[in-house]
Amino acid sequence: MSVLFIGPQNRRQQLPATLAALPARFLPAGHAVNAADLQDVELVFDLEFDAFPERLGLYATQSQAFFFLHSNQIQLAAVAAGLGVRLPLFHMAGINAWPGCLSVTPWEVSVATESALPVLQEKLQGLGIDHVRVADRVGMITPRVICMIINEAYYALQEGTANKADIDLGMQLGTNYPQGPFAWAERIGLREVRSLLEAMYADTHDPRYKLCPLLKTESLAPQF
């Protein structure tokens with residue numbers, strides 16, 4: 001099985017062993033993907049699709065491959081509609097490719113159309129990867145929950161309730177989380193967290209996702 005991975009190296013390093021062991025080609029983050037890149041490929045993992053949703057227009061014409069698209073900040077059906085791409089998109093599915101999320105199962109997967117489900121299930125079964133279907137909506141499940149917790153932690157920090165270390169420790173001891181909200185934010189990337197919260201708030205107008213000013217300020221700081 002020939003596999004193509006597109007996107008940052010820190011996401012590729014977190015793949016399940018069964019997937020990482022397959023013969024694969026790699027394209028770097030920000031690469032201008034074209035049809036030649038997709039020749040003789042059976043599986044494509046676009047781990048930065050949410051930053052380049054216009055690629056869906058190209059992917060829709062490449063039915064010889066199945067596409068797994070990092071799309072926790074966007075809705076596949078909405079992207080297709082915006083690009084004038086007709087459904088059904090039977091050869092693609094959305095995944096959450098944040099650091100640490102692909103290395104554990106079940107994967108959260110979404111589809112823009114029901115016709116993609118049989119092919120998706122066949123591909124994941126062949127890879128030995130358990131999955132759970134989630135709605136084709138902004139945020140999926142894990143990303144929206146984690147980001148909501150991070151946002152609330154920043155409100156607590158902003159109000160002077162406790163410092164970052166104490167909030168992380170309190171969440172670990174009190175809820176048995178594997179790590180605290182600030183550790184999660186550092187692992188995911190604060191700009192990614194901010195972007196998802198902004199996307200969630202725009203999609204739902206739910207005050208739970210209204211961006212904490214301190215989180216926004218820290219996310220805008222230069223990164224070296």
# chains A, B, ... in the order shown; residues from 1 in each chain; ligands from 1

call {"tool": "select_by_dssp", "arguments": {"residues": "stretch 74-211 of chain A", "states": "strand (DSSP E or B)", "output": "list in words"}}
result
Met92, Ala93, Gly94, Ile95, Trp107, Glu108, Val109, Ser110, His131, Val132 and Arg133 of chain A

call {"tool": "closest_atom_pairs", "arguments": {"of": "stretch 84-160 of chain A", "to": "stretch 5-20 of chain A", "cutoff": "8 Å", "atoms": "only C-alpha atoms", "output": "Markdown table"}}
result
| residue | atom | partner | partner_atom | distance |
| --- | --- | --- | --- | --- |
| A:Ala97 | CA | A:Arg11 | CA | 6.7 |
| A:Trp98 | CA | A:Arg11 | CA | 6.7 |
| A:Pro99 | CA | A:Arg11 | CA | 5.3 |
| A:Gly100 | CA | A:Gln14 | CA | 6.1 |
| A:Cys101 | CA | A:Gln14 | CA | 7.7 |
| A:Leu102 | CA | A:Leu15 | CA | 5.5 |
| A:Ser103 | CA | A:Pro16 | CA | 5.0 |
| A:Val104 | CA | A:Pro16 | CA | 7.3 |
| A:Leu127 | CA | A:Thr18 | CA | 6.3 |
| A:Gly128 | CA | A:Thr18 | CA | 7.0 |

call {"tool": "atom_distance", "arguments": {"atom1": "atom CA of A:Ser195", "atom2": "atom CA of A:Ala60"}}
result
25.6 Å

call {"tool": "residues_around", "arguments": {"residues": "A:Ala35", "least_positions_apart": "6", "cutoff": "12 Å", "atoms": "only C-alpha atoms", "output": "compact mmCIF listing (two decimals) with N, CA and C atoms, in the first residue's frame"}}
result
# COMPACT_ATOMS: atom_id res chain seq x y z
N VAL A 41 -0.62 6.73 -5.64
CA VAL A 41 -0.80 6.77 -4.19
C VAL A 41 -2.19 6.22 -3.86
N ARG A 55 -7.30 22.73 -1.14
CA ARG A 55 -6.80 21.48 -1.73
C ARG A 55 -7.92 20.50 -2.03
N LEU A 56 -9.05 20.66 -1.38
CA LEU A 56 -10.16 19.73 -1.60
C LEU A 56 -10.58 19.72 -3.07
N GLY A 57 -10.46 20.86 -3.74
CA GLY A 57 -10.80 20.91 -5.16
C GLY A 57 -9.96 19.96 -5.98
N LEU A 58 -8.67 19.84 -5.65
CA LEU A 58 -7.79 18.89 -6.32
C LEU A 58 -8.10 17.47 -5.89
N TYR A 59 -8.26 17.27 -4.59
CA TYR A 59 -8.49 15.91 -4.07
C TYR A 59 -9.77 15.30 -4.62
N ALA A 60 -10.77 16.13 -4.86
CA ALA A 60 -12.04 15.62 -5.36
C ALA A 60 -11.90 14.97 -6.73
N THR A 61 -10.85 15.34 -7.48
CA THR A 61 -10.65 14.79 -8.83
C THR A 61 -9.77 13.54 -8.82
N GLN A 62 -9.28 13.14 -7.64
CA GLN A 62 -8.31 12.04 -7.54
C GLN A 62 -8.93 10.84 -6.84
N SER A 63 -9.90 10.20 -7.51
CA SER A 63 -10.65 9.13 -6.86
C SER A 63 -9.87 7.83 -6.74
N GLN A 64 -8.65 7.77 -7.26
CA GLN A 64 -7.85 6.55 -7.11
C GLN A 64 -7.27 6.42 -5.70
N ALA A 65 -7.31 7.49 -4.94
CA ALA A 65 -6.76 7.50 -3.58
C ALA A 65 -7.86 7.79 -2.57

call {"tool": "closest_residue", "arguments": {"among": "A:Pro213, A:Pro106, A:Pro118, A:Gly139", "to": "A:Ala93", "atoms": "only C-alpha atoms"}}
result
A:Pro118

call {"tool": "atom_distance", "arguments": {"atom1": "atom CA of A:Glu198", "atom2": "atom CA of A:Gln73"}}
result
9.1 Å

call {"tool": "atom_distance", "arguments": {"atom1": "atom CA of A:Phe182", "atom2": "atom CA of A:Leu169"}}
result
10.0 Å

call {"tool": "select_by_dssp", "arguments": {"residues": "stretch 34-66 of chain A", "states": "alpha helix (DSSP H)", "output": "VMD selection string"}}
result
chain A and resid 56 to 59

call {"tool": "residues_around", "arguments": {"residues": "A:Ala116", "least_positions_apart": "4", "cutoff": "10 Å", "atoms": "only C-alpha atoms", "output": "list in words"}}
result
Phe66, Pro88, Leu89, Phe90, His91, Met92, Ala93, Ser110, Val111, Ala112, Leu120 and Gln121 of chain A

call {"tool": "closest_residue", "arguments": {"among": "A:Gln125, A:Ala36, A:Asn96, A:Ala81", "to": "A:Phe49", "atoms": "only C-alpha atoms"}}
result
A:Asn96

call {"tool": "closest_residue", "arguments": {"among": "A:Leu190, A:Ile141, A:Leu87, A:Ala77", "to": "A:Tyr154", "atoms": "only C-alpha atoms"}}
result
A:Leu190

call {"tool": "residues_around", "arguments": {"residues": "A:Leu211", "least_positions_apart": "4", "cutoff": "7 Å", "atoms": "only C-alpha atoms", "output": "ChimeraX atom specification"}}
result
/A:151,197-198,216

call {"tool": "write_last_selection", "arguments": {"atoms": "C-alpha atoms", "output": "PDB file, in the first residue's frame"}}
result
ATOM      1  CA  ASN A 151      -9.790  28.439  27.633  1.00  0.00           C
ATOM      2  CA  LEU A 197     -11.813  28.405  19.687  1.00  0.00           C
ATOM      3  CA  GLU A 198     -12.426  31.223  17.213  1.00  0.00           C
ATOM      4  CA  LYS A 216      -5.226  35.527  22.736  1.00  0.00           C
TER       5      LYS A 216
END

call {"tool": "residues_around", "arguments": {"residues": "A:Asp166", "least_positions_apart": "4", "cutoff": "12 Å", "atoms": "only C-alpha atoms", "output": "list in words"}}
result
Ala153, Ala156, Leu157, Gly160, Thr161, Ala162, Gly170, Met171, Gln172, Leu173, Gly174, Gln179, Gly180, Pro181, Phe182 and Ala183 of chain A

call {"tool": "write_last_selection", "arguments": {"atoms": "N, CA and C atoms", "output": "PDB file, in the first residue's frame"}}
result
ATOM      1  N   ALA A 153      -9.105  27.442  31.759  1.00  0.00           N
ATOM      2  CA  ALA A 153      -7.889  27.535  32.575  1.00  0.00           C
ATOM      3  C   ALA A 153      -7.247  28.908  32.422  1.00  0.00           C
ATOM      4  N   ALA A 156      -9.100  31.341  34.524  1.00  0.00           N
ATOM      5  CA  ALA A 156      -8.697  31.208  35.925  1.00  0.00           C
ATOM      6  C   ALA A 156      -7.351  31.865  36.166  1.00  0.00           C
ATOM      7  N   LEU A 157      -6.423  31.705  35.238  1.00  0.00           N
ATOM      8  CA  LEU A 157      -5.109  32.344  35.349  1.00  0.00           C
ATOM      9  C   LEU A 157      -5.239  33.861  35.276  1.00  0.00           C
ATOM     10  N   GLY A 160      -6.318  35.412  38.417  1.00  0.00           N
ATOM     11  CA  GLY A 160      -5.404  35.251  39.540  1.00  0.00           C
ATOM     12  C   GLY A 160      -5.774  34.133  40.487  1.00  0.00           C
ATOM     13  N   THR A 161      -6.602  33.201  40.025  1.00  0.00           N
ATOM     14  CA  THR A 161      -7.024  32.091  40.880  1.00  0.00           C
ATOM     15  C   THR A 161      -5.845  31.217  41.277  1.00  0.00           C
ATOM     16  N   ALA A 162      -4.950  30.942  40.331  1.00  0.00           N
ATOM     17  CA  ALA A 162      -3.767  30.119  40.577  1.00  0.00           C
ATOM     18  C   ALA A 162      -2.818  30.302  39.405  1.00  0.00           C
ATOM     19  N   GLY A 170      -3.754  20.620  39.671  1.00  0.00           N
ATOM     20  CA  GLY A 170      -5.100  20.454  40.192  1.00  0.00           C
ATOM     21  C   GLY A 170      -5.990  19.653  39.248  1.00  0.00           C
ATOM     22  N   MET A 171      -5.870  19.910  37.941  1.00  0.00           N
ATOM     23  CA  MET A 171      -6.665  19.171  36.963  1.00  0.00           C
ATOM     24  C   MET A 171      -6.230  17.711  36.897  1.00  0.00           C
ATOM     25  N   GLN A 172      -4.935  17.460  37.011  1.00  0.00           N
ATOM     26  CA  GLN A 172      -4.457  16.079  36.971  1.00  0.00           C
ATOM     27  C   GLN A 172      -4.921  15.295  38.197  1.00  0.00           C
ATOM     28  N   LEU A 173      -4.811  15.905  39.367  1.00  0.00           N
ATOM     29  CA  LEU A 173      -5.200  15.228  40.596  1.00  0.00           C
ATOM     30  C   LEU A 173      -6.715  15.138  40.744  1.00  0.00           C
ATOM     31  N   GLY A 174      -7.410  16.185  40.328  1.00  0.00           N
ATOM     32  CA  GLY A 174      -8.850  16.235  40.540  1.00  0.00           C
ATOM     33  C   GLY A 174      -9.662  15.475  39.515  1.00  0.00           C
ATOM     34  N   GLN A 179      -2.609  15.005  31.545  1.00  0.00           N
ATOM     35  CA  GLN A 179      -1.844  16.242  31.686  1.00  0.00           C
ATOM     36  C   GLN A 179      -2.807  17.405  31.853  1.00  0.00           C
ATOM     37  N   GLY A 180      -2.285  18.507  32.336  1.00  0.00           N
ATOM     38  CA  GLY A 180      -3.130  19.652  32.600  1.00  0.00           C
ATOM     39  C   GLY A 180      -3.363  20.492  31.362  1.00  0.00           C
ATOM     40  N   PRO A 181      -4.250  21.491  31.454  1.00  0.00           N
ATOM     41  CA  PRO A 181      -4.622  22.289  30.280  1.00  0.00           C
ATOM     42  C   PRO A 181      -3.474  23.084  29.675  1.00  0.00           C
ATOM     43  N   PHE A 182      -2.565  23.588  30.488  1.00  0.00           N
ATOM     44  CA  PHE A 182      -1.457  24.360  29.927  1.00  0.00           C
ATOM     45  C   PHE A 182      -0.429  23.449  29.263  1.00  0.00           C
ATOM     46  N   ALA A 183      -0.259  22.246  29.797  1.00  0.00           N
ATOM     47  CA  ALA A 183       0.603  21.267  29.132  1.00  0.00           C
ATOM     48  C   ALA A 183       0.002  20.871  27.789  1.00  0.00           C
TER      49      ALA A 183
END

call {"tool": "closest_residue", "arguments": {"among": "A:Ala202, A:Ala21, A:Val138, A:Leu220", "to": "A:Ala78", "atoms": "only C-alpha atoms"}}
result
A:Val138
